[in-house]
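Enquirer: File start_23.txt below, compact mmCIF, C-alpha atoms:
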# COMPACT_ATOMS: atom_id res chain seq x y z
CA MET A 1 -1.32 -19.61 103.84
CA VAL A 2 -1.11 -23.29 104.77
CA PRO A 3 1.45 -23.98 107.55
CA ARG A 4 4.56 -25.89 106.50
CA GLY A 5 4.01 -29.62 106.79
CA ALA A 6 0.20 -29.29 106.77
CA TYR A 7 -1.91 -30.96 104.07
CA PHE A 8 -4.68 -28.92 102.49
CA VAL A 9 -7.80 -30.92 101.68
CA PRO A 10 -9.55 -29.71 98.50
CA ASP A 11 -13.17 -28.58 98.90
CA GLN A 12 -14.54 -31.55 96.95
CA GLN A 13 -12.84 -34.09 99.22
CA PHE A 14 -13.73 -32.06 102.30
CA ASN A 15 -17.41 -32.06 101.32
CA MET A 16 -17.34 -35.79 100.59
CA PHE A 17 -15.93 -36.46 104.06
CA HIS A 18 -18.77 -34.41 105.56
CA ASN A 19 -21.40 -35.83 103.22
CA ILE A 20 -23.85 -36.93 105.94
CA ASP A 21 -23.48 -33.55 107.69
CA ARG A 22 -24.35 -31.85 104.40
CA GLU A 23 -27.29 -34.20 103.93
CA LEU A 24 -28.69 -33.39 107.38
CA TYR A 25 -28.19 -29.66 106.82
CA THR A 26 -30.07 -29.96 103.51
CA VAL A 27 -32.99 -31.59 105.33
CA LEU A 28 -33.06 -28.71 107.83
CA VAL A 29 -32.89 -25.77 105.42
CA MET A 30 -34.45 -27.18 102.23
CA ASN A 31 -37.01 -29.75 103.37
CA LEU A 32 -37.95 -28.25 106.74
CA CYS A 33 -37.33 -24.63 105.60
CA ARG A 34 -35.52 -23.77 108.84
CA ASP A 35 -33.28 -20.72 109.26
CA PRO A 36 -29.91 -21.37 107.53
CA VAL A 37 -27.76 -19.81 110.29
CA GLU A 38 -29.62 -21.45 113.15
CA SER A 39 -29.41 -24.78 111.33
CA LEU A 40 -25.65 -24.40 110.84
CA HIS A 41 -25.23 -23.94 114.59
CA CYS A 42 -27.41 -27.01 115.22
CA ILE A 43 -25.09 -29.06 113.02
CA ALA A 44 -22.09 -27.69 114.94
CA LEU A 45 -23.70 -28.69 118.24
CA TRP A 46 -24.38 -32.25 117.07
CA LEU A 47 -20.83 -32.58 115.72
CA TRP A 48 -19.47 -31.31 119.03
CA LEU A 49 -21.50 -33.94 120.91
CA GLU A 50 -19.87 -36.60 118.72
CA ARG A 51 -16.42 -35.20 119.48
CA VAL A 52 -17.00 -35.32 123.23
CA GLY A 53 -18.03 -38.97 123.13
CA PHE A 54 -21.66 -39.36 122.02
CA LYS A 55 -21.68 -41.80 119.10
CA LYS A 56 -23.19 -41.29 115.63
CA VAL A 57 -25.49 -38.39 116.51
CA VAL A 58 -25.79 -37.19 112.89
CA THR A 59 -26.34 -40.69 111.52
CA LYS A 60 -29.11 -41.33 114.04
CA LEU A 61 -30.77 -38.02 113.19
CA LEU A 62 -30.81 -38.86 109.48
CA SER A 63 -32.64 -42.11 110.20
CA LEU A 64 -35.54 -40.32 111.90
CA PRO A 65 -38.75 -38.94 110.37
CA ARG A 66 -38.41 -35.29 109.47
CA VAL A 67 -40.98 -34.20 112.01
CA LEU A 68 -38.73 -35.56 114.76
CA VAL A 69 -35.65 -33.96 113.17
CA ASN A 70 -37.50 -30.66 113.36
CA GLU A 71 -38.26 -31.18 117.05
CA LEU A 72 -34.65 -32.13 117.78
CA ALA A 73 -33.46 -28.97 116.04
CA ASP A 74 -35.68 -26.97 118.43
CA GLU A 75 -34.08 -28.79 121.38
CA ALA A 76 -30.62 -28.05 119.94
CA LEU A 77 -31.46 -24.33 119.84
CA ALA A 78 -32.51 -24.52 123.49
CA CYS A 79 -29.12 -26.06 124.32
CA LEU A 80 -27.32 -23.34 122.35
CA GLY A 81 -29.29 -20.70 124.24
CA VAL A 82 -28.01 -22.13 127.53
CA ILE A 83 -24.43 -22.33 126.24
CA HIS A 84 -24.36 -18.69 125.15
CA ASN A 85 -26.13 -17.29 128.20
CA GLU A 86 -23.70 -16.61 131.05
CA LYS A 87 -26.58 -15.94 133.45
CA VAL A 88 -27.87 -19.52 133.31
CA SER A 89 -26.48 -21.86 135.97
CA PRO A 90 -26.71 -25.67 136.02
CA LEU A 91 -29.06 -25.44 139.01
CA SER A 92 -31.48 -23.11 137.20
CA THR A 93 -32.07 -25.48 134.26
CA ARG A 94 -34.35 -28.48 134.14
CA ARG A 95 -33.36 -32.02 133.19
CA ASN A 96 -36.51 -32.81 131.22
CA ASP A 97 -36.30 -30.05 128.58
CA THR A 98 -34.55 -32.27 125.99
CA PRO A 99 -36.48 -35.57 126.03
CA LEU A 100 -35.93 -36.40 122.37
CA MET A 101 -32.20 -35.76 122.53
CA GLN A 102 -31.93 -37.98 125.61
CA ARG A 103 -33.68 -40.81 123.77
CA LEU A 104 -31.62 -40.23 120.61
CA ILE A 105 -28.25 -40.68 122.28
CA ASP A 106 -29.48 -42.97 125.08
CA SER A 107 -28.14 -40.67 127.78
CA GLU A 108 -29.38 -38.40 130.56
CA LEU A 109 -27.91 -35.47 128.63
CA ALA A 110 -29.90 -32.35 129.50
CA LEU A 111 -29.62 -28.56 129.74
CA PRO A 112 -27.61 -28.60 133.02
CA PHE A 113 -24.86 -30.46 131.15
CA PHE A 114 -24.44 -27.55 128.71
CA ALA A 115 -24.54 -24.95 131.50
CA LYS A 116 -21.88 -26.85 133.45
CA HIS A 117 -19.56 -27.26 130.45
CA ARG A 118 -20.28 -23.84 128.91
CA LEU A 119 -16.68 -22.71 128.35
CA ILE A 120 -15.59 -25.99 126.73
CA ALA A 121 -18.71 -25.97 124.56
CA VAL A 122 -18.24 -22.35 123.44
CA ARG A 123 -14.67 -23.01 122.30
CA GLY A 124 -15.51 -26.31 120.66
CA LEU A 125 -18.50 -24.89 118.80
CA ALA A 126 -16.53 -21.86 117.56
CA LYS A 127 -13.84 -24.14 116.17
CA LEU A 128 -16.38 -26.36 114.42
CA VAL A 129 -18.31 -23.40 112.98
CA ASN A 130 -15.17 -21.74 111.63
CA GLU A 131 -13.20 -24.76 110.44
CA VAL A 132 -15.89 -27.27 109.45
CA CYS A 133 -19.44 -25.98 109.09
CA MET A 134 -18.79 -22.73 107.21
CA ARG A 135 -16.60 -24.60 104.72
CA ALA A 136 -18.64 -27.78 104.31
CA LEU A 137 -22.08 -26.12 104.25
CA LYS A 138 -21.49 -22.71 102.67
CA ASP A 139 -22.82 -23.65 99.21
CA ILE A 140 -26.01 -25.15 100.64
CA MET A 141 -26.43 -22.14 102.94
CA GLN A 142 -26.14 -19.77 99.98
CA GLN A 143 -28.81 -21.72 98.07
CA ALA A 144 -31.10 -21.65 101.11
CA VAL A 145 -30.63 -17.89 101.63
CA GLU A 146 -31.31 -17.17 97.94
CA ARG A 147 -34.41 -19.39 97.95
CA LYS A 148 -35.70 -17.64 101.07
CA ALA A 149 -35.16 -14.24 99.44
CA HIS A 150 -36.91 -15.32 96.22
CA GLN A 151 -39.82 -16.76 98.20
CA SER A 152 -40.22 -13.48 100.09
CA LEU A 153 -40.29 -11.54 96.82
CA ALA A 154 -42.76 -14.02 95.33
CA ASP A 155 -45.05 -13.66 98.36
CA LEU A 156 -44.88 -9.88 98.04
CA SER A 157 -45.68 -10.04 94.32
CA LEU A 158 -48.64 -12.35 94.96
CA TYR A 159 -49.95 -10.01 97.63
CA HIS A 160 -49.81 -7.02 95.24
CA GLN A 161 -51.64 -8.99 92.57
CA GLN A 162 -54.41 -9.85 95.02
CA GLN A 163 -54.67 -6.23 96.13
CA GLN A 164 -54.85 -4.98 92.53
CA ARG A 165 -57.71 -7.39 91.78
CA GLN A 166 -59.57 -6.13 94.84
CA HIS A 167 -58.76 -2.45 94.10
CA PRO A 168 -58.49 -2.20 90.29
CA ARG A 169 -58.76 1.60 90.23
CA GLN A 170 -55.77 2.12 92.47
CA VAL A 171 -52.49 2.30 90.60
CA GLN A 172 -50.40 1.35 93.64
CA VAL A 173 -51.55 -0.25 96.86
CA GLN A 174 -49.50 -0.39 100.04
CA PRO A 175 -50.13 -3.53 102.12
CA PRO A 176 -51.10 -2.99 105.75
CA LEU A 177 -48.23 -2.99 108.21
CA ALA A 178 -48.97 -6.47 109.54
CA ALA A 179 -48.98 -7.96 106.03
CA ARG A 180 -45.88 -6.32 104.60
CA VAL A 181 -43.02 -8.61 103.62
CA PRO A 182 -39.67 -7.04 104.58
CA THR A 183 -36.78 -6.79 102.16
CA PRO A 184 -34.76 -10.01 102.48
CA ALA A 185 -31.83 -9.61 104.85
CA PRO A 186 -29.11 -11.97 106.11
CA PRO A 187 -30.65 -14.46 108.53
CA ARG A 188 -29.81 -13.98 112.19
CA VAL A 189 -29.69 -16.16 115.26
CA GLN A 190 -29.94 -14.65 118.74
CA PHE A 191 -26.66 -14.80 120.66
CA GLY A 192 -27.98 -16.07 123.96
CA SER A 193 -31.49 -15.75 125.26
CA LEU A 194 -31.16 -12.53 127.28
CA PRO A 195 -32.28 -9.25 125.70
CA ALA A 196 -29.43 -6.95 124.76
CA ALA A 197 -30.21 -4.45 127.53
CA ALA A 198 -29.94 -7.11 130.21
CA GLN A 199 -26.60 -8.27 128.85
CA THR A 200 -24.96 -4.85 128.71
CA ASN A 201 -26.02 -3.19 131.93
CA GLU A 202 -23.43 -4.85 134.13
CA VAL A 203 -20.37 -4.87 131.83
CA HIS A 204 -18.58 -1.76 130.56
CA PRO A 205 -18.52 -1.54 126.73
CA ASP A 206 -14.69 -1.55 126.72
CA ASP A 207 -14.78 -5.01 128.31
CA ARG A 208 -16.96 -6.45 125.56
CA THR A 209 -15.32 -4.84 122.53
CA ILE A 210 -13.35 -6.47 119.71
CA PHE A 211 -10.68 -4.52 117.84
CA VAL A 212 -10.36 -5.47 114.16
CA THR A 213 -7.69 -4.33 111.71
CA PHE A 214 -7.70 -4.34 107.90
CA SER A 215 -4.90 -4.68 105.35
CA LYS A 216 -3.86 -1.48 103.63
CA GLY A 217 -4.97 -1.45 100.02
CA TYR A 218 -7.94 -3.79 100.60
CA LEU A 219 -10.97 -1.67 101.43
CA VAL A 220 -13.44 -3.28 103.85
CA HIS A 221 -16.80 -1.54 104.24
CA GLU A 222 -18.79 -1.31 107.46
CA TRP A 223 -21.68 -3.30 105.97
CA GLU A 224 -19.26 -6.12 105.06
CA VAL A 225 -17.99 -6.38 108.64
CA ARG A 226 -21.49 -6.25 110.12
CA GLU A 227 -22.93 -8.79 107.66
CA PHE A 228 -20.00 -11.21 108.11
CA PHE A 229 -20.09 -11.38 111.91
CA THR A 230 -23.90 -11.34 112.05
CA ARG A 231 -24.24 -14.15 109.53
CA LEU A 232 -21.60 -16.28 111.24
CA TYR A 233 -22.25 -15.54 114.93
CA GLY A 234 -25.80 -14.25 115.04
CA ASN A 235 -27.00 -11.05 116.69
CA CYS A 236 -23.80 -10.43 118.67
CA ILE A 237 -23.13 -6.78 117.65
CA GLU A 238 -24.41 -3.92 119.76
CA SER A 239 -22.56 -1.22 117.79
CA LEU A 240 -19.82 -0.97 115.18
CA HIS A 241 -17.40 1.96 114.94
CA MET A 242 -15.16 2.29 111.87
CA GLN A 243 -12.07 4.49 111.95
CA ASP A 244 -12.91 8.11 111.12
CA VAL A 245 -11.14 8.95 107.86
CA MET A 246 -11.44 11.45 105.02
CA PRO A 247 -13.79 10.45 102.14
CA ASN A 248 -10.88 9.37 99.92
CA GLU A 249 -9.04 7.42 102.63
CA GLN A 250 -9.33 3.79 103.73
CA PRO A 251 -10.20 2.89 107.33
CA LEU A 252 -7.61 0.52 108.78
CA PHE A 253 -9.40 -0.53 111.96
CA ALA A 254 -12.79 -0.75 113.65
CA ARG A 255 -14.26 -1.46 117.09
CA ILE A 256 -17.09 -3.95 117.48
CA VAL A 257 -19.03 -3.61 120.75
CA CYS A 258 -20.68 -6.97 121.51
CA HIS A 259 -23.77 -7.59 123.62
CA SER A 260 -21.85 -9.87 125.97
CA PRO A 261 -18.24 -10.76 126.85
CA ALA A 262 -19.16 -14.35 125.95
CA ALA A 263 -19.42 -13.24 122.33
CA ILE A 264 -15.74 -12.27 122.33
CA GLU A 265 -14.76 -15.68 123.71
CA TYR A 266 -16.90 -17.33 121.06
CA ILE A 267 -15.59 -15.27 118.13
CA LEU A 268 -11.91 -15.48 119.11
CA ASN A 269 -12.28 -19.17 120.03
CA GLY A 270 -10.32 -18.60 123.25
CA ASN A 271 -7.31 -17.18 121.35
CA VAL A 272 -5.62 -13.81 121.80
CA LYS A 273 -6.00 -13.06 118.09
CA ALA A 274 -8.06 -14.53 115.25
CA LYS A 275 -7.85 -14.17 111.47
CA PHE A 276 -10.91 -13.97 109.20
CA THR A 277 -11.45 -13.53 105.48
CA ILE A 278 -14.25 -11.16 104.52
CA ASN A 279 -15.04 -11.27 100.81
CA GLY A 280 -11.46 -12.29 100.07
CA LYS A 281 -9.90 -9.63 102.34
CA HIS A 282 -7.96 -10.55 105.48
CA VAL A 283 -9.17 -9.16 108.80
CA TRP A 284 -7.49 -9.61 112.19
CA ALA A 285 -9.46 -9.48 115.42
CA ARG A 286 -8.43 -9.27 119.09
CA LYS A 287 -9.91 -8.10 122.35
CA PHE A 288 -9.94 -4.32 122.63
CA VAL A 289 -7.49 -2.88 125.16
CA PRO A 290 -8.43 0.74 125.97
CA LYS A 291 -5.72 3.29 126.53
CA ARG A 292 -5.66 4.19 130.19
CA PRO A 293 -4.64 7.76 131.10
CA LYS A 294 -1.16 7.87 132.57
CA PRO A 295 -1.02 9.07 136.19
CA ALA A 296 0.35 12.56 136.50
CA SER A 297 3.98 12.47 137.59
CA PRO A 298 4.78 14.51 140.71
CA ALA A 299 6.15 17.98 140.09
CA PRO A 300 9.96 18.22 140.51
CA PRO A 301 11.11 19.97 143.69
CA PRO A 302 12.04 23.65 143.24
CA PRO A 303 15.77 24.40 142.86
CA PRO A 304 17.58 25.47 146.04
CA PHE A 305 17.43 29.21 146.68
CA ASN A 306 20.87 30.74 147.13
CA LEU A 307 21.04 34.10 148.85
CA PRO A 308 23.16 36.81 147.17
CA VAL A 309 26.77 36.93 148.42
CA SER A 310 26.46 40.70 148.87
CA LEU A 311 24.23 40.15 151.92
CA GLY A 312 27.18 38.71 153.72
CA ILE A 313 25.34 35.67 154.92
With the file now loaded, output its structure as structure tokens.
Expert:
Amino acid sequence: MVPRGAYFVPDQQFNMFHNIDRELYTVLVMNLCRDPVESLHCIALWLWLERVGFKKVVTKLLSLPRVLVNELADEALACLGVIHNEKVSPLSTRRNDTPLMQRLIDSELALPFFAKHRLIAVRGLAKLVNEVCMRALKDIMQQAVERKAHQSLADLSLYHQQQQRQHPRQVQVQPPLAARVPTPAPPRVQFGSLPAAAQTNEVHPDDRTIFVTFSKGYLVHEWEVREFFTRLYGNCIESLHMQDVMPNEQPLFARIVCHSPAAIEYILNGNVKAKFTINGKHVWARKFVPKRPKPASPAPPPPPFNLPVSLGI
């Protein structure tokens, strides 16, 4: 529902406005064969740099040889790792880890900048991912994911053909473990650079849990929730718990335990509640508030004991 007084821009006009962003994303995922989700977050980072005052970052990137674009994408991922890692402080990062980015924008911009402005960056990136990148780049992302899946299947088919030529008497040959090509799955980007165990030891699961609710009559499956948040926000889910219902009933809520409290801030974009659309079905998300046991109320005092009148007292 578009708010009253707001103007909705059709997808075609929206994509035309973000034409150079789409062109750069195409270079990343089609020409350089980079991960579609990681590349989307790189685009969001470069757009955010433009919004905070660094001029024409995307335009400058498009003018560079592709080998340099590839190197700058690696530097962008390093910056994103600092942004999404609460354990990294400005003093623990080095100023010479992003040399190409510093030359690109003619600034001393380095990893300590992203550690210092982590909260602002997290909110700005979440807004750009949700409102700009997912809309402007979704068709290119889908093409890249499908191409990656087809390439994996083609590699597997080629491997089987080679094995059959080498072992013609064997009807079916299993490739060795190191050579097996896994079934294509949604691409993932690590949410921060710490391993999950290091992120969860110090924070209780209730304090890094998102509560999501579904609309009655619109069934949302667990795999849809997991795939949506993983594709959009990377490997942020530690566990997912759907409402326990009977086989013929629809779950109306779920709890998503994240690896880090920073994931909640990133997903909700700093808001109390956020609305998402998963395969055309509306989903609401907010921070989980556990029910605390009520303190036991003190027992009422016993009623006064009246002695029988017959005792004469």
Enquirer: Leaving out A:Leu68 and any residue of its chain fewer than 2 positions from it, which residues lie within 12 Å of it when counting all atoms listed in the file, given as a tab-separated table (two decimals) with C-alpha atoms, keeping the file's coordinate frame?
Expert:
chain	number	residue	atom	x	y	z
A	27	VAL	CA	-32.99	-31.59	105.33
A	28	LEU	CA	-33.06	-28.71	107.83
A	32	LEU	CA	-37.95	-28.25	106.74
A	60	LYS	CA	-29.11	-41.33	114.04
A	61	LEU	CA	-30.77	-38.02	113.19
A	62	LEU	CA	-30.81	-38.86	109.48
A	63	SER	CA	-32.64	-42.11	110.20
A	64	LEU	CA	-35.54	-40.32	111.90
A	65	PRO	CA	-38.75	-38.94	110.37
A	66	ARG	CA	-38.41	-35.29	109.47
A	70	ASN	CA	-37.50	-30.66	113.36
A	71	GLU	CA	-38.26	-31.18	117.05
A	72	LEU	CA	-34.65	-32.13	117.78
A	73	ALA	CA	-33.46	-28.97	116.04
A	74	ASP	CA	-35.68	-26.97	118.43
A	75	GLU	CA	-34.08	-28.79	121.38
A	99	PRO	CA	-36.48	-35.57	126.03
A	100	LEU	CA	-35.93	-36.40	122.37
A	101	MET	CA	-32.20	-35.76	122.53
A	103	ARG	CA	-33.68	-40.81	123.77
A	104	LEU	CA	-31.62	-40.23	120.61
Enquirer: Could you please determine the separation between atom CA of A:Glu50 and atom CA of A:Arg34 in Å, to one decimal place?
Expert: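 Going from atom CA of A:Glu50 over to atom CA of A:Arg34 covers 22.5 Å.
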Enquirer: Just the number, please: distance in Å from atom CA of A:Gln102 to atom CA of A:Leu77, one decimal.
Expert: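 Straight-line distance from atom CA of A:Gln102 to atom CA of A:Leu77 works out to 14.8 Å.
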Enquirer: What is the atom CA of A:Pro290 to atom CA of A:Ile210 distance in Å?
Expert: 10.7 Å
Enquirer: As a list in words, please: the residues near A:Arg255 (cut-off 6 Å, all atoms listed in the file, same-chain neighbours under 4 positions excluded).
Expert: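 The neighbour list is Ile210, Phe211, Leu240 and His241 of chain A.
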Enquirer: Find the residues around A:Glu23 up to 10 Å (all atoms listed in the file counted), leave out those fewer than 2 positions away in its own chain, and share them as a PyMOL selection string.
Expert: chain A and resi 18-21+25-28+58+62+137+140
Enquirer: Between A:Val29, A:Asn279, A:Ala285, A:Val9, which one has atoms that come closest to A:Val145, using only C-alpha atoms?
Expert: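 Distance minimum relative to A:Val145 lands on A:Val29.
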Enquirer: Please give the centre and size of the box around stretch 29-32 of chain A (axis-aligned, containing every atom listed in the file, 8 Å added per side), with values in Å to one decimal and written as AutoDock Vina command-line options.
Expert:
--center_x -35.4 --center_y -27.8 --center_z 104.5 --size_x 21.1 --size_y 20.0 --size_z 20.5
Enquirer: Kindly output stretch 133-147 of chain A as an mmCIF file, in the frame of the given file, after building N, CA, C and O atoms.
Expert:
data_model
loop_
_atom_site.group_PDB
_atom_site.id
_atom_site.type_symbol
_atom_site.label_atom_id
_atom_site.label_comp_id
_atom_site.auth_asym_id
_atom_site.auth_seq_id
_atom_site.Cartn_x
_atom_site.Cartn_y
_atom_site.Cartn_z
ATOM 1 N N CYS A 133 -18.095 -26.257 109.592
ATOM 2 C CA CYS A 133 -19.440 -25.980 109.090
ATOM 3 C C CYS A 133 -19.455 -24.911 107.993
ATOM 4 O O CYS A 133 -20.120 -25.085 106.962
ATOM 5 N N MET A 134 -18.766 -23.792 108.212
ATOM 6 C CA MET A 134 -18.790 -22.730 107.210
ATOM 7 C C MET A 134 -18.192 -23.201 105.890
ATOM 8 O O MET A 134 -18.614 -22.773 104.822
ATOM 9 N N ARG A 135 -17.224 -24.109 105.947
ATOM 10 C CA ARG A 135 -16.600 -24.600 104.720
ATOM 11 C C ARG A 135 -17.445 -25.692 104.062
ATOM 12 O O ARG A 135 -17.660 -25.684 102.851
ATOM 13 N N ALA A 136 -17.927 -26.631 104.865
ATOM 14 C CA ALA A 136 -18.640 -27.780 104.310
ATOM 15 C C ALA A 136 -20.068 -27.437 103.883
ATOM 16 O O ALA A 136 -20.639 -28.113 103.020
ATOM 17 N N LEU A 137 -20.660 -26.393 104.478
ATOM 18 C CA LEU A 137 -22.080 -26.120 104.250
ATOM 19 C C LEU A 137 -22.343 -24.810 103.523
ATOM 20 O O LEU A 137 -23.499 -24.470 103.288
ATOM 21 N N LYS A 138 -21.290 -24.067 103.176
ATOM 22 C CA LYS A 138 -21.490 -22.710 102.670
ATOM 23 C C LYS A 138 -22.291 -22.682 101.368
ATOM 24 O O LYS A 138 -23.101 -21.773 101.150
ATOM 25 N N ASP A 139 -22.089 -23.664 100.479
ATOM 26 C CA ASP A 139 -22.820 -23.650 99.210
ATOM 27 C C ASP A 139 -24.305 -23.935 99.428
ATOM 28 O O ASP A 139 -25.165 -23.320 98.802
ATOM 29 N N ILE A 140 -24.615 -24.851 100.343
ATOM 30 C CA ILE A 140 -26.010 -25.150 100.640
ATOM 31 C C ILE A 140 -26.659 -23.962 101.345
ATOM 32 O O ILE A 140 -27.819 -23.619 101.079
ATOM 33 N N MET A 141 -25.909 -23.324 102.239
ATOM 34 C CA MET A 141 -26.430 -22.140 102.940
ATOM 35 C C MET A 141 -26.768 -21.040 101.944
ATOM 36 O O MET A 141 -27.835 -20.408 102.042
ATOM 37 N N GLN A 142 -25.893 -20.815 100.967
ATOM 38 C CA GLN A 142 -26.140 -19.770 99.980
ATOM 39 C C GLN A 142 -27.405 -20.071 99.183
ATOM 40 O O GLN A 142 -28.221 -19.182 98.926
ATOM 41 N N GLN A 143 -27.591 -21.327 98.802
ATOM 42 C CA GLN A 143 -28.810 -21.720 98.070
ATOM 43 C C GLN A 143 -30.052 -21.476 98.927
ATOM 44 O O GLN A 143 -31.073 -21.001 98.431
ATOM 45 N N ALA A 144 -29.954 -21.820 100.223
ATOM 46 C CA ALA A 144 -31.100 -21.650 101.110
ATOM 47 C C ALA A 144 -31.435 -20.168 101.291
ATOM 48 O O ALA A 144 -32.615 -19.785 101.305
ATOM 49 N N VAL A 145 -30.400 -19.327 101.457
ATOM 50 C CA VAL A 145 -30.630 -17.890 101.630
ATOM 51 C C VAL A 145 -31.264 -17.301 100.372
ATOM 52 O O VAL A 145 -32.214 -16.504 100.447
ATOM 53 N N GLU A 146 -30.765 -17.695 99.194
ATOM 54 C CA GLU A 146 -31.310 -17.170 97.940
ATOM 55 C C GLU A 146 -32.760 -17.635 97.757
ATOM 56 O O GLU A 146 -33.617 -16.861 97.315
ATOM 57 N N ARG A 147 -33.037 -18.896 98.092
ATOM 58 C CA ARG A 147 -34.410 -19.390 97.950
ATOM 59 C C ARG A 147 -35.354 -18.636 98.887
ATOM 60 O O ARG A 147 -36.484 -18.297 98.521
#
